[in-house]
Structures are given as structure tokens and as C-alpha cells.
Amino acid sequence: MVASNLVLIANAGDVGRTVLDQLSEWDVPVRVMVRHDGERAAELRALGAEVVIGDLTHPESVAAALEGVGRMYFAMPVSPDHLLAATVVASVARERGELDGLVGMSQMTVSQMTATSTTESHQQRLHWLAEQVLNWSGLPVVHIRPTAFLDNPLFTTLAARSIRDNGTIALPFGTGRTSPVAVDDVARVVATVLRDPAPHIGHVYELTGPRTVDMTELAEEFSRALGRPVSYVDVPLDRWRAEVLATAGLPPHTEEHIATMARLHREDRYNRTSDDVERVTGVPARTIEAFVAARRDFYLTG
């Protein structure tokens with residue numbers, strides 16, 4: 001039996017939306033699952049996607065969404081339900097037996113974790129466990145493990161605010177090095193795998209920017225991109241969490257995850273690079289300077 005090339009995108013967040021755009025350019029049919037039939041669903045339909053309403057934690061929703069699907073992109077926003085959703089997807093997809101590719105969005109921190117490690121966030125632990133479940137399912141799985149996103153508010157809205165106010169980027173990362181990756185680059189990898197999953201089954205792709213930088217070097221890249229001086233100001237983690245993170249109104253699970261990401265950056269746990277973006281897509285991951293330069297007006301004028 002020839003597998004269907006219909007792709008189910010189970011989360012239309014930043015990566016999923018960009019994957020949809022790429023697959024549409026390649027004339028790959030796409031179905032998108034959303035939780036509510038509102039404005040976002042209408043926008044996705046206007047982009048040419050078939051839209052189904054459902055919930056990844058409900059088996060009946062997943063079964064209906066998978067009808068006629070040959071490939072699936074599984075991802076969720078930061079959520080305490082991540083492991084439940086992964087388990088539901090794995091069990092329903094395994095019972096149906098019709099997928100020739102399941103791309104799971106994970107996190108690069110998983111690469112450094114063990115069954116008993118305890119220094120990571122609860123969200124990162126859920127990603128580790130979800131990968132185990134997907135592997136045990138026997139499904140044709142490909143794991144995508146990006147490092148921190150360049151599009152993260154830490155490097156976008158928060159950085160833009162302080163750059164406009166006083167020419168600084170203020171974060172609690174100390175001397176830790178990092179190699180953030182752009183959403184567009186991660187989406188290119190996901191779309192490439194979904195277009196033709198067979199060569200990628202069983203692989204784990206760790207996605208980073210092209211080089212690691214400390215925060216002073218990151219600020220220098222911002223300076224070059226924006227044509228104005230930008231410097232890094234190191235903020236004590238506890239103070240940053242109390243004065244910045246705690247005022248953002250985030251759910252406790254999400255706040256704990258971001259605070260842990262900051263601590264792990266400070267401990268140099270994000271100091272790693274990979275050329276997997278280029279190996280999969282043929283195009284290198286973009287630099288911090290190129291990312292910022294493409295958004296110059298956002299950073300300087302809002």
C-alpha cells in the first residue's frame with residue numbers, strides 16, 4: 001500500500017505555521033489540528049490547510065484527525081500535558097498503523113539528560129519521557145531537538161525593550177555560551193523531513209545556530225546588525241526571576257521552565273553546536289546578526 005502524503009500538523013504555533021507555508025509551496029497537502037474554531041482556524045484555512053478541531057489529549061480527537069494521514073508533526077506549547085499528549089498520539093497512531101513518518105518536537109536539553117537526572121525543568125523531563133514513549137511505540141519516529149529559539153522573547157521582545165531604553169541586553173546568563181536557532185531554520189528541517197520521511201526515520205536532529213557565543217559576543221552581533229552600540233548586562237538570576245519573569249503572568253509550569261533555562265544557560269549547559277540544519281536542508285542556520293538585521297525596525301522602534 002502506498003502511504004498517503006497528507007501531513008497532519010498537530011500544533012500551528014510558530015514552527016508549525018512556518019512548516020505549513022513550506023509544505024504548501026511544495027504542494028504537499030496539509031491538515032492542521034486546532035483546539036478552537038476561531039480566528040486562527042480561519043487564517044489557516046485561508047492559507048490552504050484543511051482544519052480539524054481537536055485536542056491532543058483526547059484519543060477520539062487524535063483518531064479523527066489522523067484519518068487518511070500518512071505523516072504527522074507532533075508538538076505542543078509548554079504544557080504539563082505534554083507527556084499525556086505524546087502517549088495518546090503514540091497509542092492511537094500505533095493502533096491505526098498508517099503513518100510512514102512521525103516528527104516529534106523535543107528540546108536539545110534532552111541530549112544531556114538521563115533517566116535519573118534532576119537538574120532540568122519539569123517540561124524538559126516531560127520531553128525526555130515523551131521521546132521514550134514514541135521510541136517504544138515502534139512508530140517511524142524522527143526527533144527534532146532545537147536549542148533555545150532566537151525568536152524567544154528573551155532575545156526579541158525583552159531584548160528590544162532594553163535596547164531601546166538603554167542600549168543593553170539584560171539577562172541572567174553569566175558567562176555561559178549559547179547558540180540560539182531561528183524558528184524558520186527549525187521549520188525548514190521539519191518540513192524537509194515531512195516531505196520525504198524515509199531517509200530520516202530513527203534519526204535525532206539537534207538544531208542550533210552556526211556557532212556558540214557568550215552574551216558579550218551576542219550583544220556584539222546585535223550591535224553590528226542594528227548599527228548602534230549594544231552591551232550585555234548580567235543580572236542575578238534570583239533578581240531577574242523576581243523582577244522580570246514573575247511579572248509576566250505566566251503559568252507556574254511555564255515560569256519554572258524558563259527560569260530553569262536561564263539557570264542552565266548560566267551553568268553553560270547550552271554551549272553546543274550542530275550542523276544538522278545544513279545537513280538536512282542544504283542551507284546553513286542563520287546567524288544572530290542576520291536574524292536581528294532582518295528585524296531592525298522591530299528592535300529599534302517597536
# chains A, B, ... in the order shown; residues from 1 in each chain; ligands from 1
call {"tool": "select_by_dssp", "arguments": {"residues": "region 99-294 of chain A", "states": "strand (DSSP E or B)", "output": "ChimeraX atom specification"}}
result
/A:101-105,141-146,149,168-171,178,181,204-207,213,231-234
call {"tool": "residues_around", "arguments": {"residues": "Val69 (chain A)", "least_positions_apart": "5", "cutoff": "7 Å", "atoms": "only C-alpha atoms", "output": "number ranges by chain"}}
result
A: 4, 6-8, 99
call {"tool": "closest_residue", "arguments": {"among": "A:Leu194, A:Val15, A:Arg228, A:Ala246", "to": "Ile163 (chain A)", "atoms": "only C-alpha atoms"}}
result
A:Arg228
call {"tool": "closest_residue", "arguments": {"among": "A:Trp136, A:Phe74, A:Tyr232, A:Phe298", "to": "Ala219 (chain A)", "atoms": "only C-alpha atoms"}}
result
A:Tyr232
call {"tool": "residues_around", "arguments": {"residues": "Arg239 (chain A)", "least_positions_apart": "6", "cutoff": "12 Å", "atoms": "only C-alpha atoms", "output": "count of residues only"}}
result
7
call {"tool": "closest_residue", "arguments": {"among": "A:Leu47, A:Val181, A:Tyr205, A:Gly176", "to": "Ser106 (chain A)", "atoms": "only C-alpha atoms"}}
result
A:Tyr205
call {"tool": "residues_around", "arguments": {"residues": "Glu131 (chain A)", "least_positions_apart": "6", "cutoff": "10 Å", "atoms": "only C-alpha atoms", "output": "MDAnalysis selection string"}}
result
chainID A and resid 83 86:87 104:106 110 125 137 141:143
call {"tool": "select_by_dssp", "arguments": {"residues": "region 55-89 of chain A", "states": "helix (DSSP H, G or I)", "output": "PyMOL selection string"}}
result
chain A and resi 59-65+82-89
call {"tool": "write_last_selection", "arguments": {"atoms": "C-alpha atoms", "output": "compact mmCIF listing (two decimals), in the first residue's frame"}}
result
# COMPACT_ATOMS: atom_id res chain seq x y z
CA PRO A 59 -7.87 9.89 21.79
CA GLU A 60 -11.06 10.35 19.79
CA SER A 61 -9.82 13.74 18.56
CA VAL A 62 -6.48 12.32 17.52
CA ALA A 63 -8.08 9.34 15.77
CA ALA A 64 -10.36 11.61 13.74
CA ALA A 65 -7.52 13.96 12.84
CA HIS A 82 2.95 17.13 27.08
CA LEU A 83 3.60 13.53 28.12
CA LEU A 84 -0.12 12.68 28.14
CA ALA A 85 -0.49 14.05 24.62
CA ALA A 86 2.55 12.15 23.36
CA THR A 87 1.21 8.94 24.85
CA VAL A 88 -2.23 9.45 23.31
CA VAL A 89 -0.71 10.21 19.89
call {"tool": "closest_residue", "arguments": {"among": "A:Ser231, A:Thr118, A:Thr178, A:Thr192", "to": "Ala159 (chain A)", "atoms": "only C-alpha atoms"}}
result
A:Ser231
call {"tool": "decode", "arguments": {"residues": "region 140-163 of chain A", "atoms": "N, CA, C and O atoms", "output": "PDB file, in the first residue's frame"}}
result
ATOM      1  N   PRO A 140       7.463   5.048  13.106  1.00  0.00           N
ATOM      2  CA  PRO A 140       8.601   5.605  12.356  1.00  0.00           C
ATOM      3  C   PRO A 140       8.880   7.047  12.790  1.00  0.00           C
ATOM      4  O   PRO A 140       8.414   8.009  12.176  1.00  0.00           O
ATOM      5  N   VAL A 141       9.655   7.184  13.841  1.00  0.00           N
ATOM      6  CA  VAL A 141       9.811   8.462  14.532  1.00  0.00           C
ATOM      7  C   VAL A 141      11.098   9.166  14.117  1.00  0.00           C
ATOM      8  O   VAL A 141      12.142   8.527  13.909  1.00  0.00           O
ATOM      9  N   VAL A 142      11.022  10.498  14.039  1.00  0.00           N
ATOM     10  CA  VAL A 142      12.181  11.366  13.894  1.00  0.00           C
ATOM     11  C   VAL A 142      12.079  12.424  14.991  1.00  0.00           C
ATOM     12  O   VAL A 142      11.063  13.118  15.092  1.00  0.00           O
ATOM     13  N   HIS A 143      13.114  12.528  15.829  1.00  0.00           N
ATOM     14  CA  HIS A 143      13.100  13.511  16.916  1.00  0.00           C
ATOM     15  C   HIS A 143      13.835  14.778  16.490  1.00  0.00           C
ATOM     16  O   HIS A 143      14.953  14.717  15.968  1.00  0.00           O
ATOM     17  N   ILE A 144      13.199  15.919  16.721  1.00  0.00           N
ATOM     18  CA  ILE A 144      13.787  17.226  16.444  1.00  0.00           C
ATOM     19  C   ILE A 144      14.093  17.890  17.785  1.00  0.00           C
ATOM     20  O   ILE A 144      13.185  18.120  18.576  1.00  0.00           O
ATOM     21  N   ARG A 145      15.377  18.195  18.032  1.00  0.00           N
ATOM     22  CA  ARG A 145      15.776  18.784  19.303  1.00  0.00           C
ATOM     23  C   ARG A 145      16.436  20.149  19.092  1.00  0.00           C
ATOM     24  O   ARG A 145      17.661  20.248  19.004  1.00  0.00           O
ATOM     25  N   PRO A 146      15.659  21.213  18.993  1.00  0.00           N
ATOM     26  CA  PRO A 146      16.265  22.535  18.882  1.00  0.00           C
ATOM     27  C   PRO A 146      16.776  23.028  20.231  1.00  0.00           C
ATOM     28  O   PRO A 146      16.259  22.658  21.286  1.00  0.00           O
ATOM     29  N   THR A 147      17.798  23.861  20.191  1.00  0.00           N
ATOM     30  CA  THR A 147      18.230  24.580  21.375  1.00  0.00           C
ATOM     31  C   THR A 147      17.293  25.779  21.564  1.00  0.00           C
ATOM     32  O   THR A 147      16.205  25.814  20.988  1.00  0.00           O
ATOM     33  N   ALA A 148      17.670  26.750  22.361  1.00  0.00           N
ATOM     34  CA  ALA A 148      16.821  27.924  22.572  1.00  0.00           C
ATOM     35  C   ALA A 148      16.564  28.629  21.238  1.00  0.00           C
ATOM     36  O   ALA A 148      17.445  28.712  20.372  1.00  0.00           O
ATOM     37  N   PHE A 149      15.345  29.136  21.061  1.00  0.00           N
ATOM     38  CA  PHE A 149      14.982  29.813  19.818  1.00  0.00           C
ATOM     39  C   PHE A 149      15.437  31.279  19.841  1.00  0.00           C
ATOM     40  O   PHE A 149      15.270  31.971  20.851  1.00  0.00           O
ATOM     41  N   LEU A 150      15.966  31.745  18.719  1.00  0.00           N
ATOM     42  CA  LEU A 150      16.240  33.171  18.571  1.00  0.00           C
ATOM     43  C   LEU A 150      14.964  33.997  18.697  1.00  0.00           C
ATOM     44  O   LEU A 150      14.991  35.145  19.132  1.00  0.00           O
ATOM     45  N   ASP A 151      13.839  33.383  18.313  1.00  0.00           N
ATOM     46  CA  ASP A 151      12.546  34.073  18.355  1.00  0.00           C
ATOM     47  C   ASP A 151      11.959  34.126  19.757  1.00  0.00           C
ATOM     48  O   ASP A 151      10.893  34.723  19.964  1.00  0.00           O
ATOM     49  N   ASN A 152      12.618  33.508  20.732  1.00  0.00           N
ATOM     50  CA  ASN A 152      12.166  33.525  22.115  1.00  0.00           C
ATOM     51  C   ASN A 152      12.104  34.973  22.618  1.00  0.00           C
ATOM     52  O   ASN A 152      12.946  35.796  22.252  1.00  0.00           O
ATOM     53  N   PRO A 153      11.108  35.310  23.442  1.00  0.00           N
ATOM     54  CA  PRO A 153      11.035  36.680  23.978  1.00  0.00           C
ATOM     55  C   PRO A 153      12.316  37.146  24.663  1.00  0.00           C
ATOM     56  O   PRO A 153      12.589  38.357  24.705  1.00  0.00           O
ATOM     57  N   LEU A 154      13.123  36.205  25.198  1.00  0.00           N
ATOM     58  CA  LEU A 154      14.380  36.604  25.827  1.00  0.00           C
ATOM     59  C   LEU A 154      15.273  37.363  24.854  1.00  0.00           C
ATOM     60  O   LEU A 154      15.987  38.295  25.240  1.00  0.00           O
ATOM     61  N   PHE A 155      15.242  36.950  23.587  1.00  0.00           N
ATOM     62  CA  PHE A 155      16.094  37.561  22.571  1.00  0.00           C
ATOM     63  C   PHE A 155      15.345  38.513  21.651  1.00  0.00           C
ATOM     64  O   PHE A 155      15.952  39.106  20.752  1.00  0.00           O
ATOM     65  N   THR A 156      14.035  38.628  21.842  1.00  0.00           N
ATOM     66  CA  THR A 156      13.244  39.500  20.964  1.00  0.00           C
ATOM     67  C   THR A 156      12.588  40.622  21.776  1.00  0.00           C
ATOM     68  O   THR A 156      13.160  41.697  21.902  1.00  0.00           O
ATOM     69  N   THR A 157      11.417  40.375  22.360  1.00  0.00           N
ATOM     70  CA  THR A 157      10.686  41.480  22.996  1.00  0.00           C
ATOM     71  C   THR A 157      11.434  42.066  24.198  1.00  0.00           C
ATOM     72  O   THR A 157      11.509  43.287  24.348  1.00  0.00           O
ATOM     73  N   LEU A 158      11.994  41.210  25.053  1.00  0.00           N
ATOM     74  CA  LEU A 158      12.728  41.726  26.214  1.00  0.00           C
ATOM     75  C   LEU A 158      13.985  42.452  25.776  1.00  0.00           C
ATOM     76  O   LEU A 158      14.311  43.534  26.291  1.00  0.00           O
ATOM     77  N   ALA A 159      14.710  41.861  24.829  1.00  0.00           N
ATOM     78  CA  ALA A 159      15.933  42.499  24.342  1.00  0.00           C
ATOM     79  C   ALA A 159      15.610  43.825  23.653  1.00  0.00           C
ATOM     80  O   ALA A 159      16.301  44.835  23.867  1.00  0.00           O
ATOM     81  N   ALA A 160      14.559  43.860  22.844  1.00  0.00           N
ATOM     82  CA  ALA A 160      14.204  45.091  22.142  1.00  0.00           C
ATOM     83  C   ALA A 160      13.871  46.204  23.124  1.00  0.00           C
ATOM     84  O   ALA A 160      14.264  47.368  22.925  1.00  0.00           O
ATOM     85  N   ARG A 161      13.164  45.843  24.179  1.00  0.00           N
ATOM     86  CA  ARG A 161      12.772  46.854  25.169  1.00  0.00           C
ATOM     87  C   ARG A 161      14.003  47.487  25.812  1.00  0.00           C
ATOM     88  O   ARG A 161      14.115  48.719  25.911  1.00  0.00           O
ATOM     89  N   SER A 162      14.942  46.659  26.266  1.00  0.00           N
ATOM     90  CA  SER A 162      16.113  47.212  26.949  1.00  0.00           C
ATOM     91  C   SER A 162      17.081  47.883  25.970  1.00  0.00           C
ATOM     92  O   SER A 162      17.750  48.850  26.328  1.00  0.00           O
ATOM     93  N   ILE A 163      17.139  47.409  24.738  1.00  0.00           N
ATOM     94  CA  ILE A 163      17.979  48.077  23.739  1.00  0.00           C
ATOM     95  C   ILE A 163      17.450  49.475  23.470  1.00  0.00           C
ATOM     96  O   ILE A 163      18.216  50.454  23.405  1.00  0.00           O
TER      97      ILE A 163
END
